[in-house]
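Chemist: Next comes work08.cif, mmCIF, C-alpha atoms and all ligand atoms:
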```
data_entry
loop_
_atom_site.label_atom_id
_atom_site.label_comp_id
_atom_site.auth_asym_id
_atom_site.auth_seq_id
_atom_site.Cartn_x
_atom_site.Cartn_y
_atom_site.Cartn_z
CA MET A 1273 125.64 58.21 80.35
CA LYS A 1274 127.71 61.27 81.18
CA MET A 1275 131.20 61.36 79.67
CA THR A 1276 134.01 62.56 81.91
CA PHE A 1277 137.77 62.90 81.78
CA ARG A 1278 140.38 62.74 84.49
CA TRP A 1279 142.13 66.05 85.12
CA TYR A 1280 145.01 66.31 87.57
CA GLY A 1281 144.43 69.97 88.37
CA GLU A 1282 146.34 73.07 87.35
CA SER A 1283 149.64 71.18 87.16
CA ASP A 1284 148.23 68.76 84.57
CA LYS A 1285 149.80 69.48 81.21
CA ILE A 1286 146.59 68.21 79.63
CA THR A 1287 144.71 71.41 80.16
CA LEU A 1288 140.98 72.05 80.41
CA ASP A 1289 140.88 73.94 77.12
CA LYS A 1290 141.99 70.68 75.45
CA ILE A 1291 139.67 68.46 77.46
CA ARG A 1292 136.64 70.62 76.59
CA GLN A 1293 137.26 70.02 72.87
CA ILE A 1294 136.66 66.27 73.17
CA PRO A 1295 133.10 65.76 71.88
CA ASN A 1296 130.34 65.27 74.47
CA MET A 1297 132.64 65.98 77.41
CA TYR A 1298 130.45 66.72 80.43
CA SER A 1299 132.56 66.80 83.59
CA VAL A 1300 136.09 66.58 84.86
CA VAL A 1301 137.15 63.89 87.31
CA THR A 1302 139.60 65.50 89.67
CA ALA A 1303 140.82 65.90 93.26
CA VAL A 1304 142.68 68.21 95.60
CA TYR A 1305 146.21 66.85 95.31
CA ASP A 1306 148.22 68.94 97.76
CA VAL A 1307 146.62 67.88 101.04
CA PRO A 1308 148.04 64.84 102.87
CA VAL A 1309 145.87 61.72 103.06
CA GLY A 1310 143.51 61.89 106.01
CA GLU A 1311 143.18 65.67 106.20
CA VAL A 1312 140.30 67.97 105.33
CA TRP A 1313 140.38 69.65 101.92
CA PRO A 1314 140.20 73.47 102.04
CA ASN A 1315 136.94 74.84 100.62
CA GLU A 1316 138.97 77.33 98.56
CA SER A 1317 140.85 74.48 96.84
CA ILE A 1318 137.61 72.69 96.01
CA ALA A 1319 136.08 75.93 94.70
CA ALA A 1320 139.16 76.69 92.58
CA LEU A 1321 138.89 73.33 90.79
CA LYS A 1322 135.18 73.79 90.23
CA ASP A 1323 135.62 77.34 88.91
CA ALA A 1324 138.40 76.31 86.54
CA ALA A 1325 136.20 73.55 85.13
CA ALA A 1326 133.21 75.91 84.82
CA ARG A 1327 135.30 78.48 82.92
CA ASN A 1328 135.81 75.73 80.35
CA GLY A 1329 132.18 74.68 80.16
CA LEU A 1330 132.75 71.59 82.26
CA LYS A 1331 131.15 70.36 85.48
CA MET A 1332 133.03 68.96 88.46
CA GLU A 1333 130.64 66.25 89.58
CA VAL A 1334 133.09 63.40 90.11
CA ILE A 1335 136.05 63.24 92.50
CA GLU A 1336 138.74 60.60 92.10
CA SER A 1337 139.84 59.99 94.71
CA VAL A 1338 139.34 60.96 98.30
CA PRO A 1339 142.01 58.54 99.55
CA VAL A 1340 141.38 56.41 102.62
CA HIS A 1341 144.05 56.66 105.33
CA GLU A 1342 145.92 53.41 106.05
CA ASP A 1343 144.88 53.56 109.72
CA ILE A 1344 141.27 53.13 108.58
CA LYS A 1345 142.16 50.10 106.46
CA LEU A 1346 144.26 48.73 109.31
CA GLY A 1347 141.48 49.35 111.83
CA LEU A 1348 143.77 51.21 114.25
CA PRO A 1349 142.33 53.20 117.19
CA THR A 1350 143.43 56.39 115.41
CA ARG A 1351 141.02 55.67 112.57
CA ASP A 1352 138.15 57.69 114.01
CA LYS A 1353 139.85 61.06 113.54
CA TYR A 1354 140.60 60.18 109.91
CA ILE A 1355 137.02 59.04 109.40
CA ASP A 1356 135.81 62.38 110.81
CA ALA A 1357 137.99 64.20 108.28
CA TYR A 1358 136.65 61.93 105.53
CA LYS A 1359 133.07 62.78 106.48
CA GLU A 1360 133.87 66.48 106.40
CA ASN A 1361 135.33 66.08 102.90
CA ILE A 1362 132.13 64.37 101.74
CA ARG A 1363 130.06 67.26 103.15
CA ARG A 1364 132.25 69.91 101.56
CA LEU A 1365 132.28 68.17 98.18
CA GLY A 1366 128.52 67.64 98.28
CA LYS A 1367 128.05 71.36 98.92
CA ALA A 1368 130.26 72.10 95.91
CA GLY A 1369 127.97 70.06 93.66
CA VAL A 1370 129.96 66.82 93.57
CA LYS A 1371 127.68 63.82 93.00
CA CYS A 1372 130.12 60.92 93.03
CA ILE A 1373 133.29 60.13 94.97
CA CYS A 1374 135.58 57.34 93.81
CA TYR A 1375 137.87 55.71 96.37
CA ASN A 1376 139.53 52.38 96.93
CA PHE A 1377 140.31 50.13 99.87
CA MET A 1378 143.56 48.58 98.66
CA PRO A 1379 146.25 48.26 101.34
CA VAL A 1380 149.38 50.36 100.70
CA PHE A 1381 149.47 50.25 96.92
CA ASP A 1382 147.04 51.53 94.35
CA TRP A 1383 147.01 49.94 90.90
CA THR A 1384 150.03 47.85 90.06
CA ARG A 1385 151.70 47.24 86.71
CA THR A 1386 155.12 45.75 86.09
CA GLN A 1387 156.09 47.89 83.11
CA LEU A 1388 154.77 51.27 81.97
CA ASP A 1389 156.15 51.59 78.47
CA LYS A 1390 155.79 48.25 76.71
CA VAL A 1391 156.13 48.86 72.97
CA ALA A 1392 153.40 47.32 70.82
CA ALA A 1393 153.70 46.28 67.16
CA ASP A 1394 152.25 49.62 66.01
CA GLY A 1395 154.83 51.61 67.99
CA SER A 1396 152.47 52.75 70.73
CA THR A 1397 153.37 52.04 74.35
CA SER A 1398 151.16 50.92 77.18
CA LEU A 1399 151.09 49.55 80.70
CA VAL A 1400 151.43 45.83 81.21
CA TYR A 1401 151.38 43.27 84.00
CA TYR A 1402 153.62 40.21 83.69
CA GLU A 1403 153.85 37.69 86.55
CA LYS A 1404 157.51 37.06 85.81
CA GLN A 1405 158.33 40.75 86.22
CA LEU A 1406 156.23 40.95 89.38
CA LYS A 1407 158.25 38.17 91.00
CA GLU A 1408 161.38 40.25 90.47
CA MET A 1409 159.89 43.28 92.23
CA ASN A 1410 160.53 43.90 95.91
CA PRO A 1411 158.58 46.84 97.28
CA LEU A 1412 160.74 46.87 100.41
CA ASP A 1413 164.09 47.45 98.73
CA GLY A 1414 163.34 51.17 98.60
CA GLU A 1415 163.99 51.54 94.90
CA LEU A 1416 160.61 50.72 93.48
CA SER A 1417 158.35 53.48 92.41
CA LEU A 1418 155.39 53.33 90.07
CA PRO A 1419 152.77 55.92 89.35
CA GLY A 1420 149.65 54.96 91.24
CA TRP A 1421 151.85 54.30 94.22
CA ASP A 1422 152.30 56.86 96.93
CA SER A 1423 155.88 57.99 96.35
CA SER A 1424 155.95 59.73 99.73
CA TYR A 1425 156.42 56.36 101.47
CA LYS A 1426 159.93 55.92 102.72
CA LYS A 1427 161.50 52.50 102.94
CA GLU A 1428 160.99 52.49 106.73
CA ASP A 1429 157.31 53.49 106.40
CA LEU A 1430 156.72 50.64 103.99
CA LYS A 1431 158.43 48.13 106.27
CA ARG A 1432 156.27 49.27 109.17
CA LEU A 1433 153.09 49.09 107.07
CA PHE A 1434 153.90 45.59 105.85
CA GLU A 1435 154.45 44.58 109.49
CA GLN A 1436 151.11 46.09 110.52
CA TYR A 1437 149.25 44.35 107.69
CA LYS A 1438 150.42 40.95 108.96
CA ALA A 1439 147.52 41.21 111.44
CA VAL A 1440 144.99 41.99 108.70
CA ASP A 1441 143.63 39.15 106.60
CA GLU A 1442 140.72 39.42 104.17
CA GLU A 1443 138.12 38.98 106.91
CA LYS A 1444 139.69 41.70 109.02
CA LEU A 1445 139.91 44.02 106.02
CA PHE A 1446 136.21 43.44 105.34
CA GLU A 1447 135.45 44.29 109.00
CA ASN A 1448 137.45 47.50 108.74
CA LEU A 1449 135.67 48.41 105.51
CA GLU A 1450 132.29 47.79 107.15
CA TYR A 1451 133.22 50.06 110.07
CA PHE A 1452 134.23 52.79 107.61
CA LEU A 1453 131.08 52.44 105.49
CA LYS A 1454 128.73 52.51 108.47
CA ALA A 1455 130.29 55.81 109.45
CA ILE A 1456 130.42 57.54 106.06
CA ILE A 1457 127.42 56.32 104.05
CA PRO A 1458 124.80 58.16 106.16
CA VAL A 1459 126.85 61.34 105.66
CA ALA A 1460 127.02 60.70 101.91
CA GLU A 1461 123.25 60.16 101.77
CA GLU A 1462 122.67 63.46 103.51
CA ALA A 1463 125.16 65.26 101.27
CA GLY A 1464 123.62 63.88 98.07
CA VAL A 1465 126.85 62.11 97.16
CA ASN A 1466 127.22 58.57 95.85
CA MET A 1467 130.28 56.74 97.12
CA ALA A 1468 131.82 54.52 94.44
CA ILE A 1469 134.49 52.03 95.48
CA HIS A 1470 137.07 51.15 92.85
CA PRO A 1471 137.89 47.46 92.53
CA ASP A 1472 141.37 46.25 93.36
CA ASP A 1473 143.69 46.37 90.42
CA PRO A 1474 144.70 43.71 89.60
CA PRO A 1475 141.99 41.78 91.47
CA TRP A 1476 144.23 39.48 93.50
CA PRO A 1477 146.60 39.89 96.47
CA ILE A 1478 149.89 41.64 95.69
CA PHE A 1479 153.08 41.24 97.75
CA GLY A 1480 151.19 39.28 100.39
CA LEU A 1481 148.81 42.17 101.14
CA PRO A 1482 145.09 41.30 101.28
CA ARG A 1483 142.67 42.51 98.63
CA ILE A 1484 138.90 42.15 98.79
CA ILE A 1485 137.11 44.10 96.03
CA THR A 1486 138.06 41.47 93.53
CA ASN A 1487 135.12 39.41 92.28
CA GLU A 1488 131.34 39.05 92.14
CA LYS A 1489 130.99 37.25 95.44
CA ASN A 1490 133.00 39.87 97.30
CA ILE A 1491 131.27 42.77 95.54
CA ASP A 1492 127.88 41.31 96.53
CA ARG A 1493 129.14 41.14 100.10
CA PHE A 1494 130.47 44.71 99.90
CA LEU A 1495 127.12 46.05 98.66
CA SER A 1496 125.25 44.28 101.45
CA LEU A 1497 127.50 45.74 104.17
CA VAL A 1498 125.44 48.91 103.86
CA ASP A 1499 122.45 48.37 101.62
CA SER A 1500 122.06 51.91 100.35
CA PRO A 1501 122.27 53.34 96.82
CA ALA A 1502 124.94 55.70 98.16
CA ASN A 1503 127.13 52.65 98.77
CA GLY A 1504 128.05 51.83 95.19
CA LEU A 1505 130.71 51.01 92.68
CA THR A 1506 133.20 52.47 90.31
CA PHE A 1507 133.03 49.61 87.83
CA CYS A 1508 136.49 49.42 86.29
CA THR A 1509 136.38 47.00 83.36
CA GLY A 1510 140.14 46.65 83.12
CA SER A 1511 140.53 45.88 86.82
CA LEU A 1512 137.77 43.29 87.26
CA GLY A 1513 138.38 42.07 83.71
CA ALA A 1514 141.95 41.03 84.52
CA ASP A 1515 140.30 37.96 86.06
CA GLN A 1516 139.80 35.76 83.02
CA ASN A 1517 136.85 34.02 84.68
CA ALA A 1518 134.86 37.22 85.12
CA ASP A 1519 131.96 37.80 82.71
CA ILE A 1520 132.20 41.59 82.60
CA PRO A 1521 129.12 42.44 80.48
CA ARG A 1522 126.98 40.25 82.76
CA LEU A 1523 128.35 41.93 85.89
CA VAL A 1524 127.79 45.41 84.42
CA ALA A 1525 124.20 44.45 83.59
CA LYS A 1526 123.64 43.04 87.09
CA TYR A 1527 125.01 45.97 89.08
CA ALA A 1528 123.59 48.62 86.74
CA ALA A 1529 120.13 47.06 87.12
CA MET A 1530 120.58 47.31 90.89
CA GLY A 1531 121.38 51.01 90.52
CA ARG A 1532 124.71 50.51 92.25
CA ILE A 1533 127.10 51.58 89.47
CA HIS A 1534 127.77 55.29 89.76
CA PHE A 1535 130.95 55.55 87.73
CA MET A 1536 132.35 53.44 84.89
CA HIS A 1537 136.04 53.18 84.04
CA ILE A 1538 136.13 51.72 80.54
CA ARG A 1539 139.40 50.26 79.34
CA ASN A 1540 140.43 47.20 77.35
CA ILE A 1541 143.16 44.69 78.12
CA ARG A 1542 144.55 41.73 76.23
CA PHE A 1543 145.34 38.50 78.03
CA VAL A 1544 148.78 37.08 77.32
CA ALA A 1545 150.38 33.91 78.66
CA ASP A 1546 152.02 35.68 81.59
CA GLY A 1547 149.47 38.37 82.45
CA PHE A 1548 147.82 41.17 80.53
CA GLU A 1549 148.57 44.23 78.42
CA GLU A 1550 146.52 47.41 78.20
CA THR A 1551 145.34 48.13 74.66
CA ALA A 1552 143.30 50.64 72.70
CA HIS A 1553 139.70 50.83 73.94
CA ASP A 1554 138.25 49.29 70.79
CA ALA A 1555 136.69 45.86 71.34
CA ASN A 1556 138.75 44.13 68.66
CA TYR A 1557 142.06 45.25 70.19
CA GLY A 1558 141.73 43.44 73.48
CA SER A 1559 140.07 40.54 75.25
CA LEU A 1560 137.14 42.46 76.75
CA ASP A 1561 133.76 42.78 75.05
CA ILE A 1562 133.63 46.58 75.21
CA VAL A 1563 130.57 46.75 72.94
CA GLY A 1564 128.80 44.23 75.19
CA ILE A 1565 129.75 46.33 78.21
CA VAL A 1566 128.39 49.57 76.71
CA LYS A 1567 125.29 47.68 75.57
CA ALA A 1568 124.69 46.48 79.14
CA LEU A 1569 124.80 50.14 80.22
CA SER A 1570 122.43 51.20 77.45
CA ASP A 1571 120.01 48.36 78.21
CA ALA A 1572 119.90 49.61 81.82
CA ASP A 1573 119.45 53.24 80.62
CA TYR A 1574 122.56 54.04 82.63
CA ASP A 1575 122.62 57.67 83.67
CA GLY A 1576 125.87 57.70 85.66
CA TYR A 1577 129.38 58.79 84.80
CA VAL A 1578 131.80 57.15 82.40
CA ARG A 1579 135.41 57.89 81.75
CA PRO A 1580 137.89 56.38 79.35
CA ASP A 1581 140.41 54.69 81.61
CA HIS A 1582 144.12 54.34 80.87
CA GLY A 1583 145.14 55.04 77.31
CA ARG A 1584 148.27 54.14 75.39
CA MET A 1585 150.95 56.67 74.50
CA ILE A 1586 150.59 57.43 70.79
CA TRP A 1587 151.71 60.06 68.27
CA GLY A 1588 154.91 60.71 70.21
CA GLU A 1589 153.13 62.03 73.29
CA GLN A 1590 155.13 62.03 76.52
CA GLY A 1591 153.48 62.19 79.90
CA LYS A 1592 151.93 60.40 82.82
CA PRO A 1593 151.75 56.70 81.88
CA GLY A 1594 148.16 55.74 81.12
CA TYR A 1595 147.04 59.36 81.18
CA GLY A 1596 148.02 60.92 77.88
CA LEU A 1597 145.52 63.05 75.99
CA TYR A 1598 145.32 61.42 72.57
CA ASP A 1599 144.46 57.82 73.27
CA ARG A 1600 142.05 58.66 76.06
CA ALA A 1601 140.32 61.13 73.72
CA LEU A 1602 140.09 58.39 71.09
CA GLY A 1603 138.71 56.10 73.79
CA ALA A 1604 136.05 58.63 74.80
CA SER A 1605 135.02 59.08 71.18
CA TYR A 1606 134.89 55.34 70.60
CA ILE A 1607 132.69 54.84 73.68
CA ASN A 1608 130.49 57.76 72.62
CA GLY A 1609 130.13 56.24 69.16
CA VAL A 1610 129.15 52.82 70.46
CA TRP A 1611 126.72 54.43 72.90
CA GLU A 1612 125.09 56.64 70.26
CA ALA A 1613 124.64 53.74 67.87
CA LEU A 1614 123.04 51.63 70.59
CA ARG A 1615 120.76 54.47 71.71
CA TYR A 1616 119.75 55.21 68.13
CA GLU A 1617 118.84 51.60 67.62
CA LYS A 1618 117.00 51.36 70.94
CA GLU A 1619 115.01 54.57 70.54
CA ASN A 1620 113.97 53.75 67.00
CA ARG A 1621 113.04 50.21 67.98
CA ASN A 1622 110.69 51.59 70.63
CA LYS A 1623 108.96 54.02 68.25
MN MN A 1701 140.03 52.15 86.92
#
```
Go through the file and emit its structure as structure tokens.
Modeler:
Amino acid sequence: MKMTFRWYGESDKITLDKIRQIPNMYSVVTAVYDVPVGEVWPNESIAALKDAAARNGLKMEVIESVPVHEDIKLGLPTRDKYIDAYKENIRRLGKAGVKCICYNFMPVFDWTRTQLDKVAADGSTSLVYYEKQLKEMNPLDGELSLPGWDSSYKKEDLKRLFEQYKAVDEEKLFENLEYFLKAIIPVAEEAGVNMAIHPDDPPWPIFGLPRIITNEKNIDRFLSLVDSPANGLTFCTGSLGADQNADIPRLVAKYAAMGRIHFMHIRNIRFVADGFEETAHDANYGSLDIVGIVKALSDADYDGYVRPDHGRMIWGEQGKPGYGLYDRALGASYINGVWEALRYEKENRNK
């Protein structure tokens, strides 16, 4: 397991000299943020991120994300030029030493929560998802904006996109994903890069838009679209785990044994009557068996990347919801601790 931490580049107020002080930190997870979706990233920008990480003793082996242009997800004739740009980004990142690229195939919106600052009993705040709040949200009224959503969309753009997606059901979205994968996976193989799709978050359709990376059956289908190790997963426990029927430790064990997990997002959530709330990473704070999840990784001798996913806001920290320093650092240390204990036990058992 290689511990990593998301870093939003030079504008991130959580700076690399802080990130490097978190024990066992191996690599940053970052991206070029100032290039529009669908365009090629300048080599200088990629090199600048890598150099900044290296100056702080950190690698830059994971990119999150290289976003997929909507025309690719929609399957429009214009998709090929965006796919060409995507391939070039994979080549450039591979040359820069990147080993894993996280991306998602969610139409229009990235992760969705209904409130970003829900106060818990201990005074911390976190992101939550309540069905009742979701029903009151209308993405087309032009007022909604959540982090994780592309704020550059204007009301008219969103209306047009929603119109276009009326022709795209789950089957069509799967077809468009297959077309994309058949084009990029050979390039990734050649570049020594593992592609790692992030599951849809939450794993069900939102605002009538289709979502497909949602459950075991669909993930099996996704992996078989191109049966190559380079066609793999970012296994996000909080995303897939929002489905109360999903047995997350079993799924981690299954896909790790297949060698198809390249990147783990570890986060805990607690189920409540109307949805779920993000909690501290510790197993006893939420509904997910985090120890069982880390054990599944250890049992598979998992050698891929892990990052603590969303943290709470604690100790008065202000910042990007889900991406403060303190609680994510606690999460990394908790995961490291569980991992070390399991490895200690396993290595001594085998002596
Ligand atoms: Mn995630």
Chemist: Check every protein, DNA and RNA residue against ligand MN 1701 (chain A), keep those with an atom at most 6 Å away (counting only C-alpha atoms and all ligand atoms), and present them as a compact mmCIF listing (two decimals) with C-alpha atoms, in the frame of the given file.
Modeler:
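out_8.txt, written as the output of this step:
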```
# COMPACT_ATOMS: atom_id res chain seq x y z
CA CYS A 1508 136.49 49.42 86.29
CA HIS A 1537 136.04 53.18 84.04
CA ASP A 1581 140.41 54.69 81.61
```
Chemist: Using all atoms listed in the file and a cutoff of 10 Å, can you tell me which residues are near (138.5, 59.5, 110.7) in the file's coordinates, and write them out as a list of chain:residue names?
Modeler: A:Gly1310, A:Glu1311, A:Val1340, A:His1341, A:Asp1343, A:Ile1344, A:Pro1349, A:Thr1350, A:Arg1351, A:Asp1352, A:Lys1353, A:Tyr1354, A:Ile1355, A:Asp1356, A:Ala1357, A:Tyr1358, A:Lys1359, A:Glu1360, A:Phe1452, A:Ala1455, A:Ile1456
Chemist: Can you list, as a PyMOL selection string, every protein, DNA or RNA residue that comes within 8 Å of range 1324-1335 of chain A when you count all atoms listed in the file, leaving out same-chain residues fewer than 4 positions away?
Modeler: chain A and resi 1288-1289+1292+1297-1303+1320+1369-1374+1577
Chemist: Kindly give the distance, in Å, that separates CA of Arg1539 in chain A and CA of Gly1510 in chain A, rounded to a single decimal.
Modeler: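 According to the coordinates, CA of Arg1539 in chain A and CA of Gly1510 in chain A are separated by 5.3 Å.
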Chemist: Which residue, A:Tyr1425, A:Trp1611, A:Phe1381, A:Tyr1595, has the smallest gap to Tyr1280 in chain A when you use all atoms listed in the file?
Modeler: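 Checking each of A:Tyr1425, A:Trp1611, A:Phe1381, A:Tyr1595 against Tyr1280 in chain A, counting all atoms listed in the file, the winner is A:Tyr1595.
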Chemist: Of the candidates A:His1470, A:Arg1432, A:Lys1426, A:Lys1322, which shows the shortest atom-to-atom distance to Val1338 in chain A, using all atoms listed in the file?
Modeler: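 Going through A:His1470, A:Arg1432, A:Lys1426, A:Lys1322 one by one, the smallest distance to Val1338 in chain A is for A:His1470.
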